[in-house]
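my_file.txt follows; it contains compact mmCIF, C-alpha atoms.
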```txt
# COMPACT_ATOMS: atom_id res chain seq x y z
CA MET A 234 1.32 5.79 -14.70
CA VAL A 235 3.39 5.80 -17.90
CA GLN A 236 5.21 2.58 -18.85
CA ARG A 237 8.88 3.37 -19.43
CA ILE A 238 10.23 0.08 -20.85
CA SER A 239 8.15 -2.17 -23.09
CA TYR A 240 7.22 -5.82 -22.61
CA VAL A 241 8.89 -8.33 -24.92
CA PRO A 242 6.11 -10.30 -26.71
CA LEU A 243 5.95 -13.99 -25.87
CA GLU A 244 6.39 -14.94 -29.52
CA ALA A 245 9.78 -13.21 -29.50
CA MET A 246 11.01 -15.45 -26.66
CA ASP A 247 12.50 -18.91 -27.04
CA ASP A 248 10.77 -22.00 -25.66
CA ALA A 249 12.62 -21.97 -22.33
CA MET A 250 11.76 -18.33 -21.69
CA GLN A 251 8.13 -18.94 -22.62
CA GLU A 252 8.03 -21.83 -20.17
CA GLU A 253 9.40 -19.58 -17.41
CA MET A 254 6.82 -16.92 -18.31
CA ALA A 255 4.06 -19.53 -17.98
CA ARG A 256 5.42 -20.45 -14.56
CA CYS A 257 5.33 -16.78 -13.54
CA ALA A 258 1.66 -16.60 -14.55
CA ARG A 259 0.87 -19.85 -12.75
CA GLU A 260 2.83 -19.30 -9.52
CA GLY A 261 3.64 -15.58 -9.31
CA THR A 262 6.42 -13.89 -7.34
CA PRO A 263 7.55 -12.78 -9.81
CA ARG A 264 4.54 -12.34 -12.03
CA PRO A 265 4.95 -12.08 -15.82
CA GLU A 266 5.23 -8.34 -16.39
CA SER A 267 8.60 -7.77 -14.72
CA SER A 268 9.97 -10.88 -16.43
CA ALA A 269 8.72 -9.61 -19.80
CA VAL A 270 10.75 -6.43 -19.26
CA ARG A 271 13.92 -8.33 -18.32
CA ALA A 272 13.42 -10.46 -21.47
CA HIS A 273 14.92 -7.63 -23.54
CA VAL A 274 18.24 -9.11 -22.37
CA PRO A 275 18.00 -12.90 -22.03
CA ALA A 276 21.07 -12.94 -19.79
CA ALA A 277 19.31 -10.53 -17.41
CA PHE A 278 16.12 -12.58 -17.62
CA TRP A 279 17.90 -15.79 -16.61
CA ALA A 280 20.27 -14.18 -14.09
CA PHE A 281 17.27 -12.96 -12.13
CA ALA A 282 15.10 -16.07 -12.63
CA ASN A 283 17.87 -18.43 -11.56
CA SER A 284 18.95 -16.33 -8.57
CA TRP A 285 15.34 -15.88 -7.46
CA ARG A 286 14.66 -19.61 -7.64
CA ALA A 287 17.87 -20.50 -5.80
CA ILE A 288 17.63 -18.06 -2.88
CA PHE A 289 13.91 -17.27 -2.64
CA LYS A 290 11.93 -20.27 -3.85
CA GLU A 291 14.55 -22.70 -2.50
CA GLY A 292 17.47 -22.29 -0.08
CA VAL A 293 18.33 -22.81 3.59
CA CYS A 294 16.26 -20.07 5.27
CA ASP A 295 12.49 -20.24 5.85
CA HIS A 296 10.63 -19.11 2.76
CA SER A 297 7.99 -17.28 4.80
CA ILE A 298 10.70 -15.24 6.54
CA LYS A 299 12.06 -14.26 3.14
CA ASP A 300 8.62 -13.23 1.91
CA LEU A 301 8.08 -10.96 4.91
CA CYS A 302 11.43 -9.34 4.14
CA ARG A 303 10.48 -9.03 0.46
CA VAL A 304 7.30 -7.12 1.27
CA TYR A 305 9.09 -5.07 3.94
CA VAL A 306 11.33 -3.83 1.12
CA SER A 307 8.26 -3.15 -1.05
CA ARG A 308 6.69 -1.01 1.66
CA SER A 309 9.99 0.80 2.25
CA VAL A 310 10.85 1.67 -1.36
CA LYS A 311 7.17 1.92 -2.36
CA CYS A 312 7.30 -0.62 -5.16
CA GLU A 313 3.60 -1.14 -5.75
CA TYR A 314 4.11 -3.83 -8.37
CA CYS A 315 6.06 -6.04 -5.97
CA GLY A 316 4.15 -5.02 -2.88
CA ASN A 317 0.85 -6.25 -4.32
CA GLN A 318 2.17 -9.79 -4.81
CA ARG A 319 2.11 -12.59 -2.28
CA SER A 320 3.92 -15.91 -2.20
CA LEU A 321 1.76 -19.02 -2.53
CA LYS A 322 4.45 -21.00 -0.72
CA ALA A 323 4.48 -18.54 2.19
CA ALA A 324 0.68 -18.71 2.43
CA ALA A 325 0.89 -22.50 2.58
CA ALA A 326 3.37 -22.11 5.46
CA GLY A 327 0.85 -20.04 7.43
CA LEU A 328 1.39 -16.39 6.53
CA VAL A 329 -1.87 -14.47 6.28
CA GLU A 330 -2.59 -10.99 4.95
CA GLN A 331 -2.45 -9.42 8.39
CA HIS A 332 1.22 -10.37 8.59
CA TYR A 333 1.94 -7.95 5.73
CA ASP A 334 -0.06 -5.05 7.12
CA HIS A 335 2.25 -3.98 9.95
CA LEU A 336 5.70 -4.63 8.55
CA LEU A 337 6.99 -1.09 8.97
CA ASP A 338 6.05 -1.27 12.68
CA PHE A 339 7.33 -4.80 13.18
CA GLU A 340 9.22 -4.18 16.41
CA SER A 341 6.10 -3.10 18.32
CA SER A 342 3.68 -5.51 16.66
CA PRO A 343 2.49 -8.69 18.44
CA LEU A 344 1.98 -10.32 15.02
CA TYR A 345 5.62 -11.34 14.63
CA ASP A 346 7.69 -13.77 16.67
CA GLU A 347 11.27 -13.03 17.73
CA ARG A 348 12.80 -14.83 14.76
CA GLN A 349 10.65 -12.85 12.31
CA LYS A 350 11.48 -9.59 14.08
CA ALA A 351 15.20 -10.34 13.92
CA ALA A 352 14.97 -11.03 10.19
CA LEU A 353 13.00 -7.84 9.63
CA SER A 354 15.59 -5.86 11.59
CA TYR A 355 18.16 -7.22 9.12
CA ALA A 356 15.99 -6.09 6.20
CA GLU A 357 15.57 -2.71 7.88
CA ALA A 358 19.31 -2.23 8.37
CA ILE A 359 20.08 -3.15 4.75
CA THR A 360 17.24 -1.09 3.27
CA TRP A 361 17.83 2.06 5.31
CA HIS A 362 21.66 1.80 5.51
CA LEU A 363 21.58 1.66 9.32
CA ASP A 364 24.68 1.31 11.44
CA THR A 365 24.82 -1.93 13.42
CA ASP A 366 26.51 -2.99 16.63
CA ASP A 367 27.34 -6.18 18.54
CA ALA A 368 23.82 -6.34 20.01
CA PHE A 369 22.33 -6.29 16.52
CA TRP A 370 24.50 -9.19 15.37
CA ASP A 371 24.03 -11.12 18.62
CA ARG A 372 20.29 -10.91 18.05
CA LEU A 373 20.61 -12.25 14.52
CA ARG A 374 22.91 -15.08 15.61
CA ARG A 375 20.43 -16.22 18.27
CA HIS A 376 17.96 -17.01 15.50
CA PHE A 377 19.94 -17.73 12.33
CA SER A 378 22.98 -19.70 11.26
CA GLU A 379 25.70 -17.98 9.24
CA ALA A 380 24.46 -19.77 6.10
CA GLU A 381 20.95 -18.44 6.72
CA LEU A 382 22.29 -14.93 7.30
CA VAL A 383 24.24 -15.05 4.02
CA GLU A 384 21.22 -16.27 2.06
CA LEU A 385 18.85 -13.82 3.72
CA GLY A 386 21.23 -10.90 3.20
CA CYS A 387 21.76 -11.79 -0.46
CA PHE A 388 18.02 -12.14 -0.96
CA ILE A 389 17.20 -8.82 0.69
CA ALA A 390 19.88 -7.11 -1.43
CA LEU A 391 18.57 -8.73 -4.61
CA THR A 392 14.97 -7.80 -3.97
CA MET A 393 15.83 -4.26 -2.86
CA GLY A 394 17.81 -3.61 -6.03
CA GLN A 395 15.12 -5.06 -8.27
CA GLN A 396 12.26 -3.26 -6.53
CA SER A 397 14.09 0.07 -6.51
CA TRP A 398 14.31 -0.32 -10.30
CA ILE A 399 10.88 -1.85 -10.98
CA ARG A 400 9.03 0.97 -9.20
CA LEU A 401 10.35 3.36 -11.89
CA LEU A 402 9.07 1.33 -14.86
CA GLY A 403 5.35 2.13 -14.75
CA ILE A 404 4.35 -1.52 -15.16
CA ASP A 405 1.38 -3.16 -13.46
CA HIS A 406 -0.32 -6.50 -13.06
CA HIS A 407 -2.75 -8.13 -15.49
CA GLU A 408 -0.93 -6.70 -18.51
CA VAL A 409 1.01 -9.80 -19.64
CA LEU A 410 -0.62 -13.25 -19.73
CA ALA A 411 -3.70 -11.62 -18.26
CA GLY A 412 -6.33 -13.74 -16.60
CA SER A 413 -4.22 -15.22 -13.83
CA ALA A 414 -4.71 -14.13 -10.25
CA ALA A 415 -1.87 -16.31 -8.97
CA ALA A 416 -0.02 -14.80 -5.99
CA MET A 417 -1.92 -11.52 -6.05
CA ALA A 418 -2.75 -9.87 -2.73
CA PRO A 419 -6.43 -9.86 -1.74
CA GLY A 420 -8.26 -7.15 -3.65
CA PHE A 421 -5.83 -7.23 -6.59
CA GLU A 422 -6.96 -10.44 -8.31
CA SER A 423 -8.15 -8.71 -11.50
CA ALA A 424 -7.47 -5.45 -13.32
CA GLU A 425 -10.81 -4.08 -12.11
CA LYS A 426 -10.18 -5.02 -8.48
CA LEU A 427 -6.64 -3.65 -8.69
CA ARG A 428 -7.92 -0.25 -9.86
CA ALA A 429 -10.54 -0.16 -7.11
CA SER A 430 -8.05 -1.12 -4.40
CA LYS A 431 -5.56 1.51 -5.54
CA ALA A 432 -8.30 4.15 -5.45
CA SER A 433 -9.17 3.32 -1.83
CA PRO A 434 -8.01 5.76 0.87
CA ASP A 435 -6.79 2.72 2.79
CA TYR A 436 -4.43 1.61 0.02
CA TRP A 437 -1.05 0.88 1.60
CA ALA A 438 1.01 2.95 -0.86
CA ALA A 439 -1.15 6.01 -0.27
CA SER A 440 0.12 6.23 3.30
CA CYS A 441 3.78 5.24 2.80
```
Could you take the file, read its structure, and then write that structure out as structure tokens?
Amino acid sequence: MVQRISYVPLEAMDDAMQEEMARCAREGTPRPESSAVRAHVPAAFWAFANSWRAIFKEGVCDHSIKDLCRVYVSRSVKCEYCGNQRSLKAAAAGLVEQHYDHLLDFESSPLYDERQKAALSYAEAITWHLDTDDAFWDRLRRHFSEAELVELGCFIALTMGQQSWIRLLGIDHHEVLAGSAAAMAPGFESAEKLRASKASPDYWAASC
């Protein structure tokens, strides 16, 4: 993997950006590498950080629902950088690794409840440009308010655009502010474990 855009060094960032980078290392999603790329343009850095905080970390829709949709997009566009991150907040709400393993087969999986399946169908329609009908929207409205649908749609669109770009950059974890395993998926907590997991025949991106 060849890195296509460089990381901005921490010492070239102002205090506020360095503080946000420290938060990325401490909490993850996003982790520091993607933020260090966006730091080439401070306006881009903050536009993403502020939007991500407002509609992913906070907001009106369940955070765990949003994290399932985030990783659904990762599996769909094959963004390994994003797909190997997990949300600490979603884990605290009860999501476990098995919930991420069957996202592309969500409709037939017993792992997801009807609300989760409806949200994932929304992510599927946005990601794959599917046509929708009244039944599709009736299903969403049974489970979500209009405010939740707006936030969830904006979040899915934001993460799909970012991941479609990030997958091209050749960046990986444990390259900026190395030493933190915050929000990494099991088996990706260090550079050594990451390399071993990616070499496994069971690695998720090998079969996508």
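Proximity of A:Arg400, A:His296, A:His273, A:Arg375 to Lys322 in chain A, computed with only C-alpha atoms, is greatest for A:His296.
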Problem - Who sits within 12 Å of range 359-372 of chain A, all atoms listed in the file, same chain under 6 positions skipped, as a ChimeraX atom specification - result: /A:302-311,337,347-353,378-379,382,385-394,396-397
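For the pair CA of Phe339 in chain A and CA of Lys299 in chain A, the separation is 14.6 Å.
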Problem - Top pick for closest residue to Leu402 in chain A, considering A:Glu381, A:Glu266, A:Asp248, A:Asp338 and counting only C-alpha atoms - result: A:Glu266
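Residue nearest Gly292 in chain A within the list A:Ala380, A:His332, A:Ser239, A:Leu427: A:Ala380 [criterion: smallest interatomic distance, all atoms listed in the file].
With distances restricted to only C-alpha atoms, A:Asp295 is the closest residue to Phe377 in chain A from A:Ser440, A:Leu321, A:Asp295, A:Phe278.
Counting all atoms listed in the file, Ile238 in chain A has the following residues at most 9 Å away, ignoring those fewer than 5 positions along the same chain: Val270, Leu402, Gly403 and Ile404 of chain A.
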Just write the chosen residues, C-alpha atoms, as a PDB file, keeping the file's coordinate frame.
```pdb
ATOM      1  CA  VAL A 270      10.750  -6.430 -19.260  1.00  0.00           C
ATOM      2  CA  LEU A 402       9.070   1.330 -14.860  1.00  0.00           C
ATOM      3  CA  GLY A 403       5.350   2.130 -14.750  1.00  0.00           C
ATOM      4  CA  ILE A 404       4.350  -1.520 -15.160  1.00  0.00           C
TER       5      ILE A 404
END
```
Practice task
Work out how far apart CA of Glu330 in chain A and CA of Gly420 in chain A are and give it in Å to one decimal.
Solution key: 11.0 Å
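CA of Val235 in chain A is found 16.3 Å from CA of Ala424 in chain A.
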Problem - For Met250 in chain A, the nearest of the candidates A:Ala277, A:Met234, A:Ala356, A:Ala438, counting only C-alpha atoms - result: A:Ala277
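Nearest residue to Arg264 in chain A among A:Tyr355, A:Tyr333, A:Tyr314, A:Tyr436 is A:Tyr314, counting all atoms listed in the file.
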Exercise for the section: Compile the contact shell of Met254 in chain A as a ChimeraX atom specification: residues with an atom at most 8 Å away, counting all atoms listed in the file, same-chain residues fewer than 5 positions apart removed. Expected result: /A:265,268-269
